[in-house]
Each structure stands twice: as structure tokens, then as C-alpha cells.
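**Student:** Dropping in protein.cif, with mmCIF, C-alpha atoms.
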data_query
#
loop_
_atom_site.label_atom_id
_atom_site.label_comp_id
_atom_site.auth_asym_id
_atom_site.auth_seq_id
_atom_site.Cartn_x
_atom_site.Cartn_y
_atom_site.Cartn_z
CA MET A 1 0.00 0.00 0.00
CA THR A 2 1.43 3.38 -0.99
CA TYR A 3 1.52 6.47 1.19
CA ALA A 4 -0.72 8.24 -1.33
CA SER A 5 -3.47 5.71 -0.65
CA LEU A 6 -3.29 6.43 3.09
CA LYS A 7 -3.38 10.21 2.75
CA PRO A 8 -5.39 12.06 0.07
CA ALA A 9 -3.03 13.90 -2.23
CA SER A 10 -3.51 17.57 -2.90
CA GLN A 11 -4.72 18.32 -6.38
CA ALA A 12 -1.79 18.75 -8.74
CA PHE A 13 -1.22 22.28 -9.92
CA VAL A 14 -2.47 22.62 -13.47
CA GLN A 15 0.67 23.19 -15.54
CA ARG A 16 -1.17 24.52 -18.57
CA LYS A 17 -2.82 27.29 -16.56
CA ARG A 18 0.55 28.19 -15.03
CA LEU A 19 2.20 28.45 -18.43
CA ILE A 20 -0.63 30.60 -19.79
CA PHE A 21 -0.41 32.93 -16.78
CA ILE A 22 3.38 33.23 -17.08
CA ARG A 23 3.25 33.96 -20.80
CA VAL A 24 0.56 36.62 -20.34
CA ALA A 25 2.58 38.21 -17.55
CA ALA A 26 5.70 38.13 -19.73
CA ALA A 27 3.83 39.77 -22.63
CA LEU A 28 2.59 42.55 -20.34
CA ALA A 29 6.12 43.07 -18.99
CA VAL A 30 7.54 43.37 -22.52
CA LEU A 31 4.74 45.79 -23.46
CA PHE A 32 5.64 47.93 -20.44
CA LEU A 33 9.29 47.96 -21.50
CA PHE A 34 8.22 49.14 -24.96
CA LEU A 35 6.79 52.28 -23.36
CA THR A 36 9.93 53.06 -21.38
CA LYS A 37 13.60 53.62 -22.11
CA PRO A 38 16.80 52.79 -20.20
CA ALA A 39 18.78 55.64 -18.69
CA LEU A 40 21.98 54.37 -20.30
CA ASN A 41 22.22 55.33 -23.95
CA GLU A 42 22.38 52.62 -26.58
CA GLY A 43 26.02 52.06 -27.55
CA SER A 44 27.46 53.36 -24.27
CA ASP A 45 29.92 51.16 -22.38
CA GLY A 46 27.50 50.70 -19.48
CA HIS A 47 24.62 49.71 -21.74
CA GLU A 48 26.73 47.26 -23.74
CA THR A 49 28.07 45.67 -20.55
CA LEU A 50 24.56 45.13 -19.18
CA GLU A 51 23.47 43.66 -22.51
CA LEU A 52 26.38 41.21 -22.51
CA ILE A 53 25.70 40.08 -18.94
CA GLY A 54 22.01 39.79 -19.72
CA PHE A 55 22.63 37.70 -22.82
CA CYS A 56 24.89 35.36 -20.84
CA LEU A 57 22.18 34.96 -18.17
CA VAL A 58 19.58 34.13 -20.82
CA LEU A 59 21.90 31.47 -22.26
CA ILE A 60 22.39 30.05 -18.76
CA CYS A 61 18.61 30.01 -18.37
CA VAL A 62 18.04 28.06 -21.58
CA ALA A 63 20.89 25.61 -20.91
CA GLY A 64 19.82 25.13 -17.29
CA ARG A 65 16.21 24.44 -18.21
CA LEU A 66 17.29 21.88 -20.83
CA TRP A 67 19.61 20.23 -18.28
CA SER A 68 16.81 20.08 -15.70
CA ILE A 69 14.24 18.66 -18.11
CA LEU A 70 16.63 15.80 -18.94
CA TYR A 71 16.01 14.56 -15.40
CA VAL A 72 12.34 15.37 -14.81
CA GLY A 73 10.83 15.38 -18.31
CA GLY A 74 8.00 12.87 -18.57
CA LYS A 75 8.31 11.98 -14.86
CA LYS A 76 7.03 15.13 -13.16
CA ASN A 77 4.39 14.33 -10.53
CA GLU A 78 4.93 10.63 -11.25
CA GLU A 79 8.39 9.99 -9.80
CA LEU A 80 10.42 11.72 -7.10
CA VAL A 81 13.50 13.04 -8.90
CA SER A 82 16.36 13.93 -6.57
CA THR A 83 19.50 13.69 -8.70
CA GLY A 84 21.32 16.04 -11.07
CA PRO A 85 20.07 19.63 -10.75
CA PHE A 86 17.29 18.40 -8.44
CA SER A 87 19.90 17.31 -5.91
CA MET A 88 20.96 20.96 -5.52
CA SER A 89 17.53 22.61 -5.62
CA GLN A 90 13.93 21.46 -5.35
CA ASN A 91 12.98 23.78 -8.21
CA PRO A 92 15.90 24.18 -10.66
CA LEU A 93 13.54 24.91 -13.57
CA TYR A 94 12.07 27.86 -11.68
CA PHE A 95 15.53 29.02 -10.60
CA PHE A 96 16.87 29.07 -14.16
CA SER A 97 13.69 30.79 -15.41
CA THR A 98 14.21 33.54 -12.83
CA VAL A 99 17.82 33.89 -13.99
CA GLY A 100 16.45 34.35 -17.51
CA ALA A 101 13.99 37.02 -16.32
CA VAL A 102 16.85 38.99 -14.75
CA GLY A 103 18.81 38.54 -17.98
CA ILE A 104 15.96 40.04 -20.01
CA GLY A 105 15.96 43.13 -17.81
CA LEU A 106 19.71 43.52 -18.31
CA LEU A 107 19.36 42.99 -22.05
CA TYR A 108 17.02 45.94 -21.97
CA GLY A 109 19.80 47.93 -20.30
CA SER A 110 18.16 48.62 -16.94
CA LEU A 111 19.07 47.43 -13.46
CA VAL A 112 15.60 48.42 -12.25
CA ALA A 113 13.93 46.32 -14.96
CA ALA A 114 16.23 43.39 -14.15
CA ALA A 115 15.40 43.59 -10.43
CA ALA A 116 11.65 43.99 -11.06
CA LEU A 117 11.47 41.06 -13.48
CA GLY A 118 13.60 38.91 -11.19
CA VAL A 119 11.47 39.62 -8.11
CA ALA A 120 8.20 39.13 -10.03
CA SER A 121 9.44 35.82 -11.45
CA PHE A 122 10.61 34.67 -8.03
CA LEU A 123 7.27 35.46 -6.39
CA ILE A 124 5.23 33.77 -9.14
CA PHE A 125 7.34 30.61 -9.00
CA ARG A 126 7.33 30.64 -5.19
CA VAL A 127 3.53 30.36 -5.19
CA THR A 128 3.66 27.66 -7.86
CA ALA A 129 6.33 25.71 -5.97
CA ARG A 130 4.23 25.70 -2.80
CA LYS A 131 1.24 24.25 -4.66
CA GLU A 132 3.40 21.58 -6.26
CA ALA A 133 5.07 20.77 -2.93
CA ALA A 134 1.67 20.15 -1.33
CA PHE A 135 0.79 17.73 -4.12
CA LEU A 136 4.14 15.91 -4.00
CA LEU A 137 4.01 15.59 -0.21
CA GLY A 138 0.62 13.94 -0.50
CA LYS A 139 1.89 11.61 -3.21
CA PHE A 140 5.33 10.59 -1.92
CA GLY A 141 4.95 11.22 1.82
CA PRO A 142 8.03 10.56 4.01
CA ALA A 143 10.37 10.26 1.02
CA TYR A 144 9.45 13.77 -0.12
CA SER A 145 9.65 15.10 3.44
CA ALA A 146 13.22 13.80 3.68
CA TYR A 147 14.04 15.30 0.29
CA ILE A 148 12.80 18.82 1.11
CA LYS A 149 14.65 18.78 4.44
CA ALA A 150 17.93 17.98 2.68
CA THR A 151 17.52 20.16 -0.43
CA PRO A 152 17.16 23.96 -0.75
CA ARG A 153 13.77 25.05 -2.06
CA PHE A 154 15.09 27.54 -4.63
CA TRP A 155 18.76 28.60 -4.48
CA PRO A 156 20.99 25.71 -5.64
CA ASN A 157 23.74 24.36 -3.40
CA PRO A 158 26.43 22.81 -5.66
CA LEU A 159 27.96 21.00 -2.68
CA LEU A 160 24.90 18.73 -2.56
CA TYR A 161 25.24 17.58 -6.17
CA ARG A 162 24.85 13.86 -6.83
CA ASP A 163 23.99 11.93 -9.96
CA ASN A 164 23.21 8.53 -11.43
CA ASP A 165 25.48 6.54 -13.72
CA GLU A 166 22.71 6.32 -16.34
CA LEU A 167 19.90 8.64 -17.33
CA GLN A 168 16.70 8.12 -19.30
CA PHE A 169 14.93 11.18 -20.59
CA SER A 170 11.91 12.18 -22.64
CA THR A 171 12.81 13.53 -26.08
CA ARG A 172 9.34 15.06 -26.31
CA ALA A 173 9.78 17.01 -23.08
CA LEU A 174 13.27 18.06 -24.15
CA LYS A 175 11.97 19.34 -27.48
CA ARG A 176 9.13 21.25 -25.79
CA THR A 177 11.54 22.87 -23.32
CA PHE A 178 13.88 23.82 -26.17
CA PHE A 179 11.09 25.66 -27.97
CA ASP A 180 10.03 27.30 -24.69
CA GLY A 181 13.63 28.50 -24.35
CA LEU A 182 13.34 30.22 -27.72
CA TYR A 183 10.94 32.70 -26.07
CA PHE A 184 13.85 33.89 -23.94
CA LEU A 185 16.25 34.09 -26.89
CA ALA A 186 13.65 35.88 -29.05
CA ILE A 187 13.64 38.77 -26.57
CA PHE A 188 17.12 39.86 -27.71
CA PRO A 189 16.25 40.77 -31.35
CA ILE A 190 12.93 42.23 -30.16
CA ILE A 191 14.72 44.56 -27.74
CA GLU A 192 17.22 45.52 -30.44
CA LEU A 193 14.33 46.34 -32.79
CA VAL A 194 12.62 48.44 -30.12
CA GLU A 195 15.86 50.33 -29.50
CA TYR A 196 16.13 51.03 -33.23
CA PHE A 197 12.57 52.39 -33.38
CA ARG A 198 13.17 54.47 -30.28
CA GLU A 199 16.38 55.98 -31.65
CA SER A 200 14.54 56.74 -34.89
CA GLY A 201 11.82 58.58 -32.98
CA LEU A 202 9.14 56.14 -34.12
CA LEU A 203 8.47 54.78 -30.64
CA PRO A 204 7.72 57.18 -27.76
CA ALA A 205 9.05 56.54 -24.26
CA PHE A 206 7.00 57.73 -21.29
CA LEU A 207 9.34 56.64 -18.49
CA THR A 208 13.08 56.26 -17.95
CA LEU A 209 14.37 53.20 -16.08
CA TYR A 210 17.79 53.16 -14.49
#
As C-alpha cells, please, write out the structure in this file.

**Tutor:**
Amino acid sequence: MTYASLKPASQAFVQRKRLIFIRVAAALAVLFLFLTKPALNEGSDGHETLELIGFCLVLICVAGRLWSILYVGGKKNEELVSTGPFSMSQNPLYFFSTVGAVGIGLLYGSLVAAAALGVASFLIFRVTARKEAAFLLGKFGPAYSAYIKATPRFWPNPLLYRDNDELQFSTRALKRTFFDGLYFLAIFPIIELVEYFRESGLLPAFLTLY
């Protein structure tokens, strides 16, 4: 008899609704950035430095999400995964997504935008992680309790890293995560296009972000 049969499991958080909410929130954030401008001028050393750091963070986000999905893809809510990136953090996918959100703000050239997007992403994923944790605790019981006691909820601890000799993964989940990652990479040419329109006077800016 499984633990889940002894204790009713919380209803699993609906992933589709979460993704829709996140994408709508991201679209609204990008729209807001369209109506503002960074304090650092395009082409200045400070602006170019922020863009480079931001681009690197977005690449880390995409690579980290792909790495994480190798371990959990096709097994989420069905199997307790505690190796690879999940040995360092309970929510590596959410961590890397937050890194990407900060990177987008830096790509835009604003520390304020980077901080705002990072905090917003962190808070959204924090709520999501709590809902998922309630479901997983009901499903896996003591095993999950031991896991969350030994593993940080969000910030990874590399000293805890452990792995298996072999790994099976879902190519479908990997492909889906790759295409999701393209949303992050697509922000770069969009921001460059917005900067071009702004410099040409075709796009008004109502607020300056530092």
C-alpha cells in the first residue's frame, strides 16, 4: 500500500494554466518595457556591458532548463527526482527561469527592470512551488519530506550535487523545453528592434528606467 493511498493527495497544480499565466505576464512586462527607455544610452559602455551580462544569463537560463528537463521530463508528478540539478535545488527549472527574467531586464539595459522582473518571477514561481510541494508531499509522503529537508527550495547548493550513472529522458519534453527556451532568446532581437525604433523617434518613451 502506498503512502498516497493512506493520505489524500492535494490536487496537482495545473501546468497549462501556469504556463498561460506566465506567458501573459511576460507579454505585459515586454509591453511595459516598450513604453519606457533605459537611462543608459544605446552604444554606451555601461549599456553594452549590461546587454552582454544579460545575454549570458539568458543562455544560462536556456541551458539550465534543458539540463533540468533531462532529469524530470516525462516523470514530473509521477516519480520523485532527486538527482542532477534536483539534488541541488527542489525547483531548478524555476531558478533558471528567474535567472532568464533577470537577464531580459539587463538585455534591456536597466538594473531596475532586471530587479523587477527577477522579483516578479521569483514570487510567481514561489507560489507555484508551494502548490506543487503540497501535491508531492501527499503523493510521496516521508520520502518527499526527507528530500525537502535535505535540499534547498530555490537557491541551488552545488555541494549537494549527486547523480546517477545512467539517465533516461523524454525527447518530447526536451523538445518542448527547447522551444520554450526560444521565447527567452527571441527577446534579444525584439529589444534591439525596439531600441532602433526608439532611436529613430518612431516609438515614444513615457518613463526612464535606471

**Student:** Rounded to one decimal place, report the CA of Ile124 (chain A)-CA of Ala143 (chain A) distance in Å.

**Tutor:**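 Separation of CA of Ile124 (chain A) and CA of Ala143 (chain A): 26.1 Å.
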
**Student:** With the PyMOL selection byres ((chain A and resi 65) around 10) as the selection, what would be picked from this file? Answer as a PDB file with C-alpha atoms, keeping the file's coordinate frame, please.

**Tutor:**
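Full text of out.pdb as output:
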ATOM      1  CA  LEU A  59      21.900  31.470 -22.260  1.00  0.00           C
ATOM      2  CA  ILE A  60      22.390  30.050 -18.760  1.00  0.00           C
ATOM      3  CA  CYS A  61      18.610  30.010 -18.370  1.00  0.00           C
ATOM      4  CA  VAL A  62      18.040  28.060 -21.580  1.00  0.00           C
ATOM      5  CA  ALA A  63      20.890  25.610 -20.910  1.00  0.00           C
ATOM      6  CA  GLY A  64      19.820  25.130 -17.290  1.00  0.00           C
ATOM      7  CA  LEU A  66      17.290  21.880 -20.830  1.00  0.00           C
ATOM      8  CA  TRP A  67      19.610  20.230 -18.280  1.00  0.00           C
ATOM      9  CA  SER A  68      16.810  20.080 -15.700  1.00  0.00           C
ATOM     10  CA  ILE A  69      14.240  18.660 -18.110  1.00  0.00           C
ATOM     11  CA  LEU A  70      16.630  15.800 -18.940  1.00  0.00           C
ATOM     12  CA  PRO A  85      20.070  19.630 -10.750  1.00  0.00           C
ATOM     13  CA  PRO A  92      15.900  24.180 -10.660  1.00  0.00           C
ATOM     14  CA  LEU A  93      13.540  24.910 -13.570  1.00  0.00           C
ATOM     15  CA  TYR A  94      12.070  27.860 -11.680  1.00  0.00           C
ATOM     16  CA  PHE A  95      15.530  29.020 -10.600  1.00  0.00           C
ATOM     17  CA  PHE A  96      16.870  29.070 -14.160  1.00  0.00           C
ATOM     18  CA  SER A  97      13.690  30.790 -15.410  1.00  0.00           C
ATOM     19  CA  GLY A 100      16.450  34.350 -17.510  1.00  0.00           C
ATOM     20  CA  LEU A 174      13.270  18.060 -24.150  1.00  0.00           C
ATOM     21  CA  THR A 177      11.540  22.870 -23.320  1.00  0.00           C
ATOM     22  CA  PHE A 178      13.880  23.820 -26.170  1.00  0.00           C
ATOM     23  CA  ASP A 180      10.030  27.300 -24.690  1.00  0.00           C
ATOM     24  CA  GLY A 181      13.630  28.500 -24.350  1.00  0.00           C
TER      25      GLY A 181
END

**Student:** For Phe188 (chain A), please output as a PyMOL selection string all residues within 9 Å (counting all atoms listed in the file; exclusion window: fewer than 5 positions along the same chain).

**Tutor:** chain A and resi 55+104+107-108+193

**Student:** Would you kindly return, as a ChimeraX atom specification, each protein, DNA or RNA residue with an atom no farther than 10 Å from any atom of region 37-51 of chain A, considering only C-alpha atoms and excluding same-chain residues fewer than 2 positions away?

**Tutor:** /A:32-35,53-57,103-114,188,192,194-196,198-199,204-210

**Student:** So what do you get for CA of Asn91 (chain A) versus CA of Arg172 (chain A), distance-wise?

**Tutor:**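 Separating CA of Asn91 (chain A) from CA of Arg172 (chain A) is a distance of 20.4 Å.
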
**Student:** Would you mind reading off the distance between CA of Ala116 (chain A) and CA of Val102 (chain A), one decimal, in Å?

**Tutor:** 8.1 Å

**Student:** Rebuild region 89-109 of chain A so that it carries N, CA, C and O atoms, then output the result as a PDB file, in the frame of the given file.

**Tutor:**
ATOM      1  N   SER A  89      18.680  21.731  -5.821  1.00  0.00           N
ATOM      2  CA  SER A  89      17.530  22.610  -5.620  1.00  0.00           C
ATOM      3  C   SER A  89      16.258  21.830  -5.892  1.00  0.00           C
ATOM      4  O   SER A  89      16.217  20.997  -6.801  1.00  0.00           O
ATOM      5  N   GLN A  90      15.214  22.112  -5.103  1.00  0.00           N
ATOM      6  CA  GLN A  90      13.930  21.460  -5.350  1.00  0.00           C
ATOM      7  C   GLN A  90      13.292  21.941  -6.648  1.00  0.00           C
ATOM      8  O   GLN A  90      12.502  21.221  -7.255  1.00  0.00           O
ATOM      9  N   ASN A  91      13.637  23.159  -7.042  1.00  0.00           N
ATOM     10  CA  ASN A  91      12.980  23.780  -8.210  1.00  0.00           C
ATOM     11  C   ASN A  91      14.005  24.407  -9.161  1.00  0.00           C
ATOM     12  O   ASN A  91      14.000  25.626  -9.380  1.00  0.00           O
ATOM     13  N   PRO A  92      14.897  23.608  -9.756  1.00  0.00           N
ATOM     14  CA  PRO A  92      15.900  24.180 -10.660  1.00  0.00           C
ATOM     15  C   PRO A  92      15.301  24.832 -11.898  1.00  0.00           C
ATOM     16  O   PRO A  92      15.842  25.820 -12.395  1.00  0.00           O
ATOM     17  N   LEU A  93      14.180  24.298 -12.404  1.00  0.00           N
ATOM     18  CA  LEU A  93      13.540  24.910 -13.570  1.00  0.00           C
ATOM     19  C   LEU A  93      13.099  26.330 -13.252  1.00  0.00           C
ATOM     20  O   LEU A  93      13.272  27.251 -14.063  1.00  0.00           O
ATOM     21  N   TYR A  94      12.526  26.530 -12.071  1.00  0.00           N
ATOM     22  CA  TYR A  94      12.070  27.860 -11.680  1.00  0.00           C
ATOM     23  C   TYR A  94      13.264  28.779 -11.415  1.00  0.00           C
ATOM     24  O   TYR A  94      13.222  29.967 -11.720  1.00  0.00           O
ATOM     25  N   PHE A  95      14.331  28.215 -10.843  1.00  0.00           N
ATOM     26  CA  PHE A  95      15.530  29.020 -10.600  1.00  0.00           C
ATOM     27  C   PHE A  95      16.109  29.543 -11.910  1.00  0.00           C
ATOM     28  O   PHE A  95      16.394  30.741 -12.046  1.00  0.00           O
ATOM     29  N   PHE A  96      16.281  28.650 -12.887  1.00  0.00           N
ATOM     30  CA  PHE A  96      16.870  29.070 -14.160  1.00  0.00           C
ATOM     31  C   PHE A  96      15.943  30.033 -14.918  1.00  0.00           C
ATOM     32  O   PHE A  96      16.424  30.935 -15.611  1.00  0.00           O
ATOM     33  N   SER A  97      14.626  29.863 -14.776  1.00  0.00           N
ATOM     34  CA  SER A  97      13.690  30.790 -15.410  1.00  0.00           C
ATOM     35  C   SER A  97      13.821  32.189 -14.803  1.00  0.00           C
ATOM     36  O   SER A  97      13.737  33.196 -15.513  1.00  0.00           O
ATOM     37  N   THR A  98      14.027  32.248 -13.490  1.00  0.00           N
ATOM     38  CA  THR A  98      14.210  33.540 -12.830  1.00  0.00           C
ATOM     39  C   THR A  98      15.518  34.188 -13.274  1.00  0.00           C
ATOM     40  O   THR A  98      15.579  35.404 -13.477  1.00  0.00           O
ATOM     41  N   VAL A  99      16.559  33.377 -13.440  1.00  0.00           N
ATOM     42  CA  VAL A  99      17.820  33.890 -13.990  1.00  0.00           C
ATOM     43  C   VAL A  99      17.584  34.501 -15.361  1.00  0.00           C
ATOM     44  O   VAL A  99      18.103  35.572 -15.683  1.00  0.00           O
ATOM     45  N   GLY A 100      16.769  33.832 -16.182  1.00  0.00           N
ATOM     46  CA  GLY A 100      16.450  34.350 -17.510  1.00  0.00           C
ATOM     47  C   GLY A 100      15.678  35.655 -17.441  1.00  0.00           C
ATOM     48  O   GLY A 100      15.905  36.564 -18.254  1.00  0.00           O
ATOM     49  N   ALA A 101      14.757  35.781 -16.473  1.00  0.00           N
ATOM     50  CA  ALA A 101      13.990  37.020 -16.320  1.00  0.00           C
ATOM     51  C   ALA A 101      14.910  38.186 -15.977  1.00  0.00           C
ATOM     52  O   ALA A 101      14.765  39.289 -16.520  1.00  0.00           O
ATOM     53  N   VAL A 102      15.871  37.950 -15.084  1.00  0.00           N
ATOM     54  CA  VAL A 102      16.850  38.990 -14.750  1.00  0.00           C
ATOM     55  C   VAL A 102      17.675  39.336 -15.994  1.00  0.00           C
ATOM     56  O   VAL A 102      17.954  40.510 -16.268  1.00  0.00           O
ATOM     57  N   GLY A 103      18.037  38.311 -16.755  1.00  0.00           N
ATOM     58  CA  GLY A 103      18.810  38.540 -17.980  1.00  0.00           C
ATOM     59  C   GLY A 103      18.067  39.408 -18.973  1.00  0.00           C
ATOM     60  O   GLY A 103      18.672  40.262 -19.638  1.00  0.00           O
ATOM     61  N   ILE A 104      16.752  39.221 -19.087  1.00  0.00           N
ATOM     62  CA  ILE A 104      15.960  40.040 -20.010  1.00  0.00           C
ATOM     63  C   ILE A 104      16.003  41.503 -19.598  1.00  0.00           C
ATOM     64  O   ILE A 104      16.135  42.403 -20.434  1.00  0.00           O
ATOM     65  N   GLY A 105      15.888  41.756 -18.289  1.00  0.00           N
ATOM     66  CA  GLY A 105      15.960  43.130 -17.810  1.00  0.00           C
ATOM     67  C   GLY A 105      17.308  43.777 -18.117  1.00  0.00           C
ATOM     68  O   GLY A 105      17.375  44.951 -18.481  1.00  0.00           O
ATOM     69  N   LEU A 106      18.385  42.995 -18.001  1.00  0.00           N
ATOM     70  CA  LEU A 106      19.710  43.520 -18.310  1.00  0.00           C
ATOM     71  C   LEU A 106      19.895  43.708 -19.809  1.00  0.00           C
ATOM     72  O   LEU A 106      20.575  44.652 -20.247  1.00  0.00           O
ATOM     73  N   LEU A 107      19.324  42.808 -20.605  1.00  0.00           N
ATOM     74  CA  LEU A 107      19.360  42.990 -22.050  1.00  0.00           C
ATOM     75  C   LEU A 107      18.728  44.312 -22.453  1.00  0.00           C
ATOM     76  O   LEU A 107      19.184  44.981 -23.388  1.00  0.00           O
ATOM     77  N   TYR A 108      17.697  44.668 -21.721  1.00  0.00           N
ATOM     78  CA  TYR A 108      17.020  45.940 -21.970  1.00  0.00           C
ATOM     79  C   TYR A 108      17.916  47.117 -21.596  1.00  0.00           C
ATOM     80  O   TYR A 108      17.769  48.210 -22.142  1.00  0.00           O
ATOM     81  N   GLY A 109      18.867  46.881 -20.685  1.00  0.00           N
ATOM     82  CA  GLY A 109      19.800  47.930 -20.300  1.00  0.00           C
ATOM     83  C   GLY A 109      19.432  48.635 -19.010  1.00  0.00           C
ATOM     84  O   GLY A 109      19.871  49.755 -18.771  1.00  0.00           O
TER      85      GLY A 109
END
